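upload-v6.pdb follows (PDB, C-alpha atoms):
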ATOM      1  CA  MET J  13     -60.717  40.003   7.944
ATOM      2  CA  GLY J  14     -57.290  41.666   8.097
ATOM      3  CA  SER J  15     -56.576  45.329   8.560
ATOM      4  CA  PRO J  16     -59.049  48.064   7.603
ATOM      5  CA  ASP J  17     -56.917  48.742   4.505
ATOM      6  CA  HIS J  18     -57.600  45.265   3.115
ATOM      7  CA  ARG J  19     -60.711  43.245   2.526
ATOM      8  CA  TRP J  20     -61.388  39.734   1.287
ATOM      9  CA  THR J  21     -63.219  39.524  -2.005
ATOM     10  CA  GLU J  22     -64.503  36.460  -3.815
ATOM     11  CA  ALA J  23     -64.433  36.175  -7.577
ATOM     12  CA  ASP J  24     -65.495  33.551 -10.092
ATOM     13  CA  HIS J  25     -62.798  32.182 -12.353
ATOM     14  CA  SER J  26     -63.581  31.715 -16.042
ATOM     15  CA  ARG J  27     -63.963  27.945 -15.579
ATOM     16  CA  PRO J  28     -67.186  26.549 -14.104
ATOM     17  CA  GLY J  29     -66.818  25.180 -10.606
ATOM     18  CA  ILE J  30     -63.659  27.074  -9.716
ATOM     19  CA  HIS J  31     -64.054  29.721  -7.060
ATOM     20  CA  LEU J  32     -61.104  31.870  -6.030
ATOM     21  CA  ARG J  33     -60.587  33.911  -2.881
ATOM     22  CA  PHE J  34     -58.006  36.649  -2.862
ATOM     23  CA  ARG J  35     -57.030  39.691  -0.852
ATOM     24  CA  TYR J  36     -57.788  42.963  -2.534
ATOM     25  CA  CYS J  37     -55.482  45.812  -1.638
ATOM     26  CA  PRO J  38     -56.806  49.203  -2.752
ATOM     27  CA  ILE J  39     -54.409  51.699  -4.282
ATOM     28  CA  THR J  40     -53.199  54.120  -1.670
ATOM     29  CA  SER J  41     -50.302  55.815  -3.366
ATOM     30  CA  VAL J  42     -50.760  55.581  -7.145
ATOM     31  CA  SER J  43     -53.817  56.954  -8.868
ATOM     32  CA  ASP J  44     -55.946  54.814 -11.204
ATOM     33  CA  LYS J  45     -54.616  56.672 -14.242
ATOM     34  CA  HIS J  46     -51.066  55.506 -13.499
ATOM     35  CA  ARG J  47     -51.479  51.949 -14.706
ATOM     36  CA  ILE J  48     -48.180  50.177 -15.420
ATOM     37  CA  THR J  49     -47.856  46.940 -17.358
ATOM     38  CA  ILE J  50     -45.126  44.622 -16.080
ATOM     39  CA  VAL J  51     -43.956  42.470 -18.985
ATOM     40  CA  GLY J  52     -41.895  39.341 -18.342
ATOM     41  CA  VAL J  53     -39.115  38.841 -20.879
ATOM     42  CA  GLY J  54     -37.278  35.555 -21.418
ATOM     43  CA  ASP J  55     -33.790  34.799 -22.659
ATOM     44  CA  ASP J  56     -35.198  34.796 -26.188
ATOM     45  CA  GLY J  57     -36.105  38.506 -25.906
ATOM     46  CA  TYR J  58     -38.654  40.097 -28.202
ATOM     47  CA  PRO J  59     -39.261  37.060 -30.477
ATOM     48  CA  GLY J  60     -40.394  34.990 -27.478
ATOM     49  CA  LEU J  61     -43.013  37.470 -26.306
ATOM     50  CA  THR J  62     -46.741  36.942 -26.726
ATOM     51  CA  ARG J  63     -48.689  39.257 -29.003
ATOM     52  CA  GLN J  64     -50.188  40.948 -25.927
ATOM     53  CA  ALA J  65     -46.731  41.596 -24.469
ATOM     54  CA  ARG J  66     -45.378  42.944 -27.786
ATOM     55  CA  GLU J  67     -48.374  45.269 -28.208
ATOM     56  CA  SER J  68     -47.993  46.577 -24.655
ATOM     57  CA  ILE J  69     -44.330  47.370 -25.285
ATOM     58  CA  GLN J  70     -44.959  48.945 -28.702
ATOM     59  CA  THR J  71     -47.707  51.243 -27.403
ATOM     60  CA  ALA J  72     -46.046  52.147 -24.089
ATOM     61  CA  THR J  73     -45.523  55.776 -23.160
ATOM     62  CA  THR J  74     -42.293  54.978 -21.301
ATOM     63  CA  ILE J  75     -40.231  51.788 -20.974
ATOM     64  CA  TYR J  76     -38.666  51.011 -17.573
ATOM     65  CA  GLY J  77     -36.336  48.178 -16.656
ATOM     66  CA  SER J  78     -32.773  47.060 -16.054
ATOM     67  CA  ALA J  79     -30.073  48.125 -18.489
ATOM     68  CA  SER J  80     -29.752  44.547 -19.788
ATOM     69  CA  LEU J  81     -33.483  44.208 -20.507
ATOM     70  CA  ILE J  82     -33.847  47.643 -22.072
ATOM     71  CA  SER J  83     -30.848  46.910 -24.330
ATOM     72  CA  GLN J  84     -32.839  44.055 -25.896
ATOM     73  CA  PHE J  85     -35.217  46.655 -27.400
ATOM     74  CA  PRO J  86     -32.973  49.257 -29.124
ATOM     75  CA  GLU J  87     -35.459  49.885 -31.947
ATOM     76  CA  LEU J  88     -38.154  51.304 -29.666
ATOM     77  CA  ALA J  89     -38.587  55.063 -29.932
ATOM     78  CA  GLN J  90     -40.197  55.548 -26.513
ATOM     79  CA  GLU J  91     -38.385  57.142 -23.626
ATOM     80  CA  LYS J  92     -36.435  54.442 -21.781
ATOM     81  CA  THR J  93     -35.534  54.658 -18.096
ATOM     82  CA  VAL J  94     -33.047  52.333 -16.423
ATOM     83  CA  LEU J  95     -34.198  51.574 -12.881
ATOM     84  CA  SER J  96     -32.157  50.816  -9.810
ATOM     85  CA  SER J  97     -32.096  47.184  -8.683
ATOM     86  CA  ASP J  98     -32.966  48.498  -5.201
ATOM     87  CA  LEU J  99     -36.679  47.721  -4.926
ATOM     88  CA  ASP J 100     -37.452  50.679  -2.647
ATOM     89  CA  LEU J 101     -35.878  53.113  -5.129
ATOM     90  CA  MET J 102     -37.634  51.360  -8.004
ATOM     91  CA  ALA J 103     -41.024  51.735  -6.314
ATOM     92  CA  GLU J 104     -40.423  55.438  -5.693
ATOM     93  CA  GLU J 105     -39.564  56.040  -9.340
ATOM     94  CA  LEU J 106     -42.569  54.053 -10.581
ATOM     95  CA  ARG J 107     -44.909  55.916  -8.226
ATOM     96  CA  THR J 108     -44.795  58.840 -10.690
ATOM     97  CA  ALA J 109     -44.614  56.816 -13.917
ATOM     98  CA  PRO J 110     -46.900  58.131 -16.648
ATOM     99  CA  ALA J 111     -50.025  56.179 -17.579
ATOM    100  CA  GLY J 112     -49.337  53.512 -20.170
ATOM    101  CA  SER J 113     -45.809  52.772 -18.956
ATOM    102  CA  VAL J 114     -44.222  49.329 -19.269
ATOM    103  CA  LEU J 115     -41.808  47.790 -16.791
ATOM    104  CA  LEU J 116     -39.663  45.031 -18.287
ATOM    105  CA  ALA J 117     -38.884  42.155 -15.919
ATOM    106  CA  SER J 118     -37.171  38.782 -16.246
ATOM    107  CA  GLY J 119     -39.333  35.697 -16.699
ATOM    108  CA  ASP J 120     -42.428  35.554 -14.524
ATOM    109  CA  PRO J 121     -42.401  38.775 -12.470
ATOM    110  CA  LEU J 122     -44.687  37.255  -9.815
ATOM    111  CA  PHE J 123     -42.504  34.162  -9.221
ATOM    112  CA  TYR J 124     -39.770  35.437  -6.905
ATOM    113  CA  GLY J 125     -39.763  38.567  -9.024
ATOM    114  CA  MET J 126     -40.298  42.273  -8.492
ATOM    115  CA  ALA J 127     -44.048  42.332  -9.137
ATOM    116  CA  ARG J 128     -45.052  41.027  -5.708
ATOM    117  CA  PHE J 129     -43.053  43.728  -3.939
ATOM    118  CA  LEU J 130     -44.353  46.471  -6.252
ATOM    119  CA  CYS J 131     -47.989  45.327  -5.931
ATOM    120  CA  ASP J 132     -47.634  45.323  -2.140
ATOM    121  CA  ARG J 133     -45.972  48.741  -2.160
ATOM    122  CA  LEU J 134     -48.016  50.587  -4.796
ATOM    123  CA  GLY J 135     -51.240  48.552  -4.903
ATOM    124  CA  LYS J 136     -52.276  45.722  -7.188
ATOM    125  CA  ASP J 137     -54.598  47.927  -9.215
ATOM    126  CA  ALA J 138     -51.631  49.994 -10.386
ATOM    127  CA  PHE J 139     -50.361  47.072 -12.438
ATOM    128  CA  GLU J 140     -51.170  44.580 -15.119
ATOM    129  CA  VAL J 141     -48.758  41.635 -15.264
ATOM    130  CA  ILE J 142     -47.938  39.747 -18.460
ATOM    131  CA  PRO J 143     -45.651  36.888 -17.434
ATOM    132  CA  HIS J 144     -43.133  34.972 -19.465
ATOM    133  CA  VAL J 145     -41.962  31.473 -18.655
ATOM    134  CA  SER J 146     -39.912  31.593 -15.453
ATOM    135  CA  SER J 147     -36.305  30.440 -15.377
ATOM    136  CA  MET J 148     -37.408  27.811 -12.838
ATOM    137  CA  GLN J 149     -39.933  26.408 -15.326
ATOM    138  CA  LEU J 150     -37.243  26.326 -18.007
ATOM    139  CA  ALA J 151     -34.755  24.581 -15.713
ATOM    140  CA  PHE J 152     -37.217  21.811 -14.815
ATOM    141  CA  ALA J 153     -38.299  21.466 -18.465
ATOM    142  CA  ARG J 154     -34.689  21.053 -19.585
ATOM    143  CA  VAL J 155     -34.201  18.101 -17.222
ATOM    144  CA  LYS J 156     -37.688  16.809 -18.108
ATOM    145  CA  GLU J 157     -38.939  16.798 -14.517
ATOM    146  CA  SER J 158     -42.227  18.011 -13.096
ATOM    147  CA  TRP J 159     -41.861  20.798 -10.550
ATOM    148  CA  GLU J 160     -45.291  20.375  -8.967
ATOM    149  CA  GLU J 161     -43.958  18.907  -5.718
ATOM    150  CA  ALA J 162     -40.513  20.487  -5.713
ATOM    151  CA  TYR J 163     -39.278  22.741  -2.931
ATOM    152  CA  LEU J 164     -38.615  26.114  -4.567
ATOM    153  CA  ALA J 165     -36.749  28.895  -2.807
ATOM    154  CA  ASN J 166     -34.756  32.046  -3.313
ATOM    155  CA  VAL J 167     -31.554  32.176  -1.233
ATOM    156  CA  ALA J 168     -31.698  35.975  -1.248
ATOM    157  CA  ASN J 169     -34.705  36.140   1.059
ATOM    158  CA  GLN J 170     -34.306  33.140   3.399
ATOM    159  CA  THR J 171     -31.638  31.950   5.778
ATOM    160  CA  ILE J 172     -29.346  29.244   4.460
ATOM    161  CA  GLU J 173     -30.153  27.149   7.544
ATOM    162  CA  ARG J 174     -33.859  27.143   6.702
ATOM    163  CA  ILE J 175     -33.140  26.249   3.081
ATOM    164  CA  VAL J 176     -30.785  23.392   4.019
ATOM    165  CA  GLU J 177     -33.386  22.015   6.444
ATOM    166  CA  ARG J 178     -36.032  21.937   3.695
ATOM    167  CA  VAL J 179     -33.632  20.586   1.043
ATOM    168  CA  ARG J 180     -32.774  17.596   3.237
ATOM    169  CA  THR J 181     -36.423  16.496   3.299
ATOM    170  CA  SER J 182     -37.261  17.214  -0.345
ATOM    171  CA  GLU J 183     -36.996  14.910  -3.327
ATOM    172  CA  LYS J 184     -36.815  17.778  -5.825
ATOM    173  CA  VAL J 185     -35.389  21.223  -5.259
ATOM    174  CA  GLY J 186     -35.183  24.407  -7.317
ATOM    175  CA  LEU J 187     -33.122  27.299  -5.961
ATOM    176  CA  PHE J 188     -32.634  30.827  -7.167
ATOM    177  CA  THR J 189     -29.125  31.835  -6.153
ATOM    178  CA  THR J 190     -27.383  35.170  -5.913
ATOM    179  CA  ALA J 191     -23.665  35.884  -5.857
ATOM    180  CA  GLU J 192     -24.165  38.467  -3.088
ATOM    181  CA  LYS J 193     -25.445  35.923  -0.569
ATOM    182  CA  ILE J 194     -24.549  32.454  -1.798
ATOM    183  CA  GLY J 195     -23.674  31.501  -5.346
ATOM    184  CA  ARG J 196     -24.580  28.327  -7.185
ATOM    185  CA  ALA J 197     -21.076  26.904  -6.590
ATOM    186  CA  HIS J 198     -21.774  26.887  -2.844
ATOM    187  CA  VAL J 199     -25.082  25.093  -3.246
TER     188      VAL J 199
END
Once you've parsed the file, please lay out its structure as structure tokens.
Amino acid sequence: MGSPDHRWTEADHSRPGIHLRFRYCPITSVSDKHRITIVGVGDDGYPGLTRQARESIQTATTIYGSASLISQFPELAQEKTVLSSDLDLMAEELRTAPAGSVLLASGDPLFYGMARFLCDRLGKDAFEVIPHVSSMQLAFARVKESWEEAYLANVANQTIERIVERVRTSEKVGLFTTAEKIGRAHV
């Protein structure tokens, strides 16, 4: 199924009776030794991280991330590299990252975050992802609403017409906004 570069693989989840099917994308441009851990960081910074996330950061060879995220960890002695917000440039820089590197990301890096793009570009096996609570989860928790059936979208990667069409037929909506395309005041 799919292109010759991809194959479907089945795997058992840790719970009995649950069977998952996922697409496995082999690494084509990053060797196995260049494993990078993407650590999601919340607004609460270091104190809000899990033990696994803290240990990954403390033992990292190099720390990558945005200037604002890296500034939350001034006490770390590792080399720190501020990455461009341009995802193509970020992927190119991470392609040569040393083994044991950590990439700091906001919230859940796989929920409208950078991890999906990087896994597609550099291969899933190049990364381990340790998520934090996403800002969308926090927003729904603050208003004490379930987000199970909500329409969730990012205005940066969809047309406003498509979003408006879906919003009109949804009871609950969660939107990630961006000042470059359409800010929250316009929503």
Go through the shown structure with the PyMOL selection byres ((chain J and resi 51) around 12) and write out the matching residues as an mmCIF file with C-alpha atoms, in the coordinates of the input.
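Okay, this is what ended up in expr.cif:
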data_model
loop_
_atom_site.group_PDB
_atom_site.id
_atom_site.type_symbol
_atom_site.label_atom_id
_atom_site.label_comp_id
_atom_site.auth_asym_id
_atom_site.auth_seq_id
_atom_site.Cartn_x
_atom_site.Cartn_y
_atom_site.Cartn_z
ATOM 1 C CA ILE J 48 -48.180 50.177 -15.420
ATOM 2 C CA THR J 49 -47.856 46.940 -17.358
ATOM 3 C CA ILE J 50 -45.126 44.622 -16.080
ATOM 4 C CA GLY J 52 -41.895 39.341 -18.342
ATOM 5 C CA VAL J 53 -39.115 38.841 -20.879
ATOM 6 C CA GLY J 54 -37.278 35.555 -21.418
ATOM 7 C CA GLY J 57 -36.105 38.506 -25.906
ATOM 8 C CA TYR J 58 -38.654 40.097 -28.202
ATOM 9 C CA GLY J 60 -40.394 34.990 -27.478
ATOM 10 C CA LEU J 61 -43.013 37.470 -26.306
ATOM 11 C CA THR J 62 -46.741 36.942 -26.726
ATOM 12 C CA ARG J 63 -48.689 39.257 -29.003
ATOM 13 C CA GLN J 64 -50.188 40.948 -25.927
ATOM 14 C CA ALA J 65 -46.731 41.596 -24.469
ATOM 15 C CA ARG J 66 -45.378 42.944 -27.786
ATOM 16 C CA GLU J 67 -48.374 45.269 -28.208
ATOM 17 C CA SER J 68 -47.993 46.577 -24.655
ATOM 18 C CA ILE J 69 -44.330 47.370 -25.285
ATOM 19 C CA GLN J 70 -44.959 48.945 -28.702
ATOM 20 C CA ALA J 72 -46.046 52.147 -24.089
ATOM 21 C CA ILE J 75 -40.231 51.788 -20.974
ATOM 22 C CA TYR J 76 -38.666 51.011 -17.573
ATOM 23 C CA GLY J 77 -36.336 48.178 -16.656
ATOM 24 C CA LEU J 81 -33.483 44.208 -20.507
ATOM 25 C CA ILE J 82 -33.847 47.643 -22.072
ATOM 26 C CA SER J 113 -45.809 52.772 -18.956
ATOM 27 C CA VAL J 114 -44.222 49.329 -19.269
ATOM 28 C CA LEU J 115 -41.808 47.790 -16.791
ATOM 29 C CA LEU J 116 -39.663 45.031 -18.287
ATOM 30 C CA ALA J 117 -38.884 42.155 -15.919
ATOM 31 C CA SER J 118 -37.171 38.782 -16.246
ATOM 32 C CA GLY J 119 -39.333 35.697 -16.699
ATOM 33 C CA ASP J 120 -42.428 35.554 -14.524
ATOM 34 C CA PRO J 121 -42.401 38.775 -12.470
ATOM 35 C CA LEU J 122 -44.687 37.255 -9.815
ATOM 36 C CA GLY J 125 -39.763 38.567 -9.024
ATOM 37 C CA MET J 126 -40.298 42.273 -8.492
ATOM 38 C CA ALA J 127 -44.048 42.332 -9.137
ATOM 39 C CA PHE J 139 -50.361 47.072 -12.438
ATOM 40 C CA GLU J 140 -51.170 44.580 -15.119
ATOM 41 C CA VAL J 141 -48.758 41.635 -15.264
ATOM 42 C CA ILE J 142 -47.938 39.747 -18.460
ATOM 43 C CA PRO J 143 -45.651 36.888 -17.434
ATOM 44 C CA HIS J 144 -43.133 34.972 -19.465
ATOM 45 C CA VAL J 145 -41.962 31.473 -18.655
#
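Among the candidate residues J:Glu173, J:Glu157, J:Asp132, J:Glu183, the one lying nearest to J:Asp100 is J:Asp132, with distances computed using only C-alpha atoms.
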Identify which of the residues J:Thr71, J:Ser182, J:Val167, J:Met102 lies closest to J:Ala89, counting only C-alpha atoms when measuring atom-to-atom distances.
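So, comparing all the options, the nearest one is J:Thr71.
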Nearest candidate to J:Asn169 (options J:Leu95, J:Phe188, J:Phe85, J:Ala109; using only C-alpha atoms)
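Answer, going by the shortest atom-to-atom distance: J:Phe188.
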For J:Pro110, which residue out of J:Asp56, J:Arg47, J:Ala153, J:Gln84 is the nearest one, using all atoms listed in the file?
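That would be J:Arg47, the residue with the smallest distance to J:Pro110.
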Straight-line distance linking atom CA of J:Leu99 with atom CA of J:Ile175, stated in Å to one decimal:
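Separation of atom CA of J:Leu99 and atom CA of J:Ile175: 23.2 Å.
Going from atom CA of J:Ser146 to atom CA of J:Val185 covers 15.2 Å.
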Once you count all atoms listed in the file, which residues end up no further than 8 Å from (-36.4, 25.3, -7.2) in the file's frame, shown as a ChimeraX atom specification?
/J:148,159,162-166,184-188
Between atom CA of J:Arg133 and atom CA of J:Gln90 lies a distance of 25.9 Å
Hey, could you pull the box centre and edge lengths for stretch 145-154 of chain J, axis-aligned, 6 Å padding per side, all listed atoms, to one decimal in Å, as JSON?
{"center_x": -38.3, "center_y": 26.3, "center_z": -16.2, "size_x": 19.3, "size_y": 22.5, "size_z": 18.7}
Please fill the gaps in stretch 74-98 of chain J so it has N, CA and C atoms, and write that as a PDB file, in the frame of the given file.
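That gives us rebuild-v4.pdb:
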ATOM      1  N   THR J  74     -43.664  55.025 -21.802  1.00  0.00           N
ATOM      2  CA  THR J  74     -42.293  54.978 -21.301  1.00  0.00           C
ATOM      3  C   THR J  74     -41.957  53.529 -21.006  1.00  0.00           C
ATOM      4  N   ILE J  75     -40.711  53.134 -21.272  1.00  0.00           N
ATOM      5  CA  ILE J  75     -40.231  51.788 -20.974  1.00  0.00           C
ATOM      6  C   ILE J  75     -39.274  51.882 -19.788  1.00  0.00           C
ATOM      7  N   TYR J  76     -39.532  51.085 -18.753  1.00  0.00           N
ATOM      8  CA  TYR J  76     -38.666  51.011 -17.573  1.00  0.00           C
ATOM      9  C   TYR J  76     -38.073  49.613 -17.497  1.00  0.00           C
ATOM     10  N   GLY J  77     -36.923  49.495 -16.876  1.00  0.00           N
ATOM     11  CA  GLY J  77     -36.336  48.178 -16.656  1.00  0.00           C
ATOM     12  C   GLY J  77     -34.857  48.271 -16.360  1.00  0.00           C
ATOM     13  N   SER J  78     -34.224  47.104 -16.254  1.00  0.00           N
ATOM     14  CA  SER J  78     -32.773  47.060 -16.054  1.00  0.00           C
ATOM     15  C   SER J  78     -32.091  47.401 -17.370  1.00  0.00           C
ATOM     16  N   ALA J  79     -30.831  47.787 -17.281  1.00  0.00           N
ATOM     17  CA  ALA J  79     -30.073  48.125 -18.489  1.00  0.00           C
ATOM     18  C   ALA J  79     -30.022  46.940 -19.448  1.00  0.00           C
ATOM     19  N   SER J  80     -29.856  45.722 -18.915  1.00  0.00           N
ATOM     20  CA  SER J  80     -29.752  44.547 -19.788  1.00  0.00           C
ATOM     21  C   SER J  80     -31.062  44.254 -20.511  1.00  0.00           C
ATOM     22  N   LEU J  81     -32.194  44.444 -19.838  1.00  0.00           N
ATOM     23  CA  LEU J  81     -33.483  44.208 -20.507  1.00  0.00           C
ATOM     24  C   LEU J  81     -33.797  45.304 -21.518  1.00  0.00           C
ATOM     25  N   ILE J  82     -33.574  46.540 -21.145  1.00  0.00           N
ATOM     26  CA  ILE J  82     -33.847  47.643 -22.072  1.00  0.00           C
ATOM     27  C   ILE J  82     -32.980  47.528 -23.322  1.00  0.00           C
ATOM     28  N   SER J  83     -31.757  47.030 -23.178  1.00  0.00           N
ATOM     29  CA  SER J  83     -30.848  46.910 -24.330  1.00  0.00           C
ATOM     30  C   SER J  83     -31.350  45.888 -25.353  1.00  0.00           C
ATOM     31  N   GLN J  84     -32.268  45.027 -24.964  1.00  0.00           N
ATOM     32  CA  GLN J  84     -32.839  44.055 -25.896  1.00  0.00           C
ATOM     33  C   GLN J  84     -33.853  44.691 -26.843  1.00  0.00           C
ATOM     34  N   PHE J  85     -34.203  45.969 -26.598  1.00  0.00           N
ATOM     35  CA  PHE J  85     -35.217  46.655 -27.400  1.00  0.00           C
ATOM     36  C   PHE J  85     -34.688  47.985 -27.939  1.00  0.00           C
ATOM     37  N   PRO J  86     -33.569  47.987 -28.672  1.00  0.00           N
ATOM     38  CA  PRO J  86     -32.973  49.257 -29.124  1.00  0.00           C
ATOM     39  C   PRO J  86     -33.819  49.994 -30.160  1.00  0.00           C
ATOM     40  N   GLU J  87     -34.675  49.272 -30.870  1.00  0.00           N
ATOM     41  CA  GLU J  87     -35.459  49.885 -31.947  1.00  0.00           C
ATOM     42  C   GLU J  87     -36.651  50.689 -31.451  1.00  0.00           C
ATOM     43  N   LEU J  88     -36.995  50.578 -30.187  1.00  0.00           N
ATOM     44  CA  LEU J  88     -38.154  51.304 -29.666  1.00  0.00           C
ATOM     45  C   LEU J  88     -37.842  52.786 -29.515  1.00  0.00           C
ATOM     46  N   ALA J  89     -38.792  53.613 -29.961  1.00  0.00           N
ATOM     47  CA  ALA J  89     -38.587  55.063 -29.932  1.00  0.00           C
ATOM     48  C   ALA J  89     -39.001  55.704 -28.611  1.00  0.00           C
ATOM     49  N   GLN J  90     -39.722  54.973 -27.767  1.00  0.00           N
ATOM     50  CA  GLN J  90     -40.197  55.548 -26.513  1.00  0.00           C
ATOM     51  C   GLN J  90     -39.028  55.929 -25.602  1.00  0.00           C
ATOM     52  N   GLU J  91     -39.358  56.813 -24.664  1.00  0.00           N
ATOM     53  CA  GLU J  91     -38.385  57.142 -23.626  1.00  0.00           C
ATOM     54  C   GLU J  91     -38.107  55.870 -22.829  1.00  0.00           C
ATOM     55  N   LYS J  92     -36.825  55.632 -22.548  1.00  0.00           N
ATOM     56  CA  LYS J  92     -36.435  54.442 -21.781  1.00  0.00           C
ATOM     57  C   LYS J  92     -35.737  54.902 -20.513  1.00  0.00           C
ATOM     58  N   THR J  93     -36.106  54.297 -19.389  1.00  0.00           N
ATOM     59  CA  THR J  93     -35.534  54.658 -18.096  1.00  0.00           C
ATOM     60  C   THR J  93     -34.980  53.419 -17.422  1.00  0.00           C
ATOM     61  N   VAL J  94     -33.673  53.436 -17.142  1.00  0.00           N
ATOM     62  CA  VAL J  94     -33.047  52.333 -16.423  1.00  0.00           C
ATOM     63  C   VAL J  94     -33.319  52.543 -14.935  1.00  0.00           C
ATOM     64  N   LEU J  95     -33.852  51.500 -14.297  1.00  0.00           N
ATOM     65  CA  LEU J  95     -34.198  51.574 -12.881  1.00  0.00           C
ATOM     66  C   LEU J  95     -33.120  50.939 -12.020  1.00  0.00           C
ATOM     67  N   SER J  96     -33.053  51.401 -10.807  1.00  0.00           N
ATOM     68  CA  SER J  96     -32.157  50.816  -9.810  1.00  0.00           C
ATOM     69  C   SER J  96     -32.627  49.403  -9.492  1.00  0.00           C
ATOM     70  N   SER J  97     -31.702  48.523  -9.118  1.00  0.00           N
ATOM     71  CA  SER J  97     -32.096  47.184  -8.683  1.00  0.00           C
ATOM     72  C   SER J  97     -32.595  47.199  -7.239  1.00  0.00           C
ATOM     73  N   ASP J  98     -32.431  48.328  -6.555  1.00  0.00           N
ATOM     74  CA  ASP J  98     -32.966  48.498  -5.201  1.00  0.00           C
ATOM     75  C   ASP J  98     -34.482  48.659  -5.320  1.00  0.00           C
TER      76      ASP J  98
END
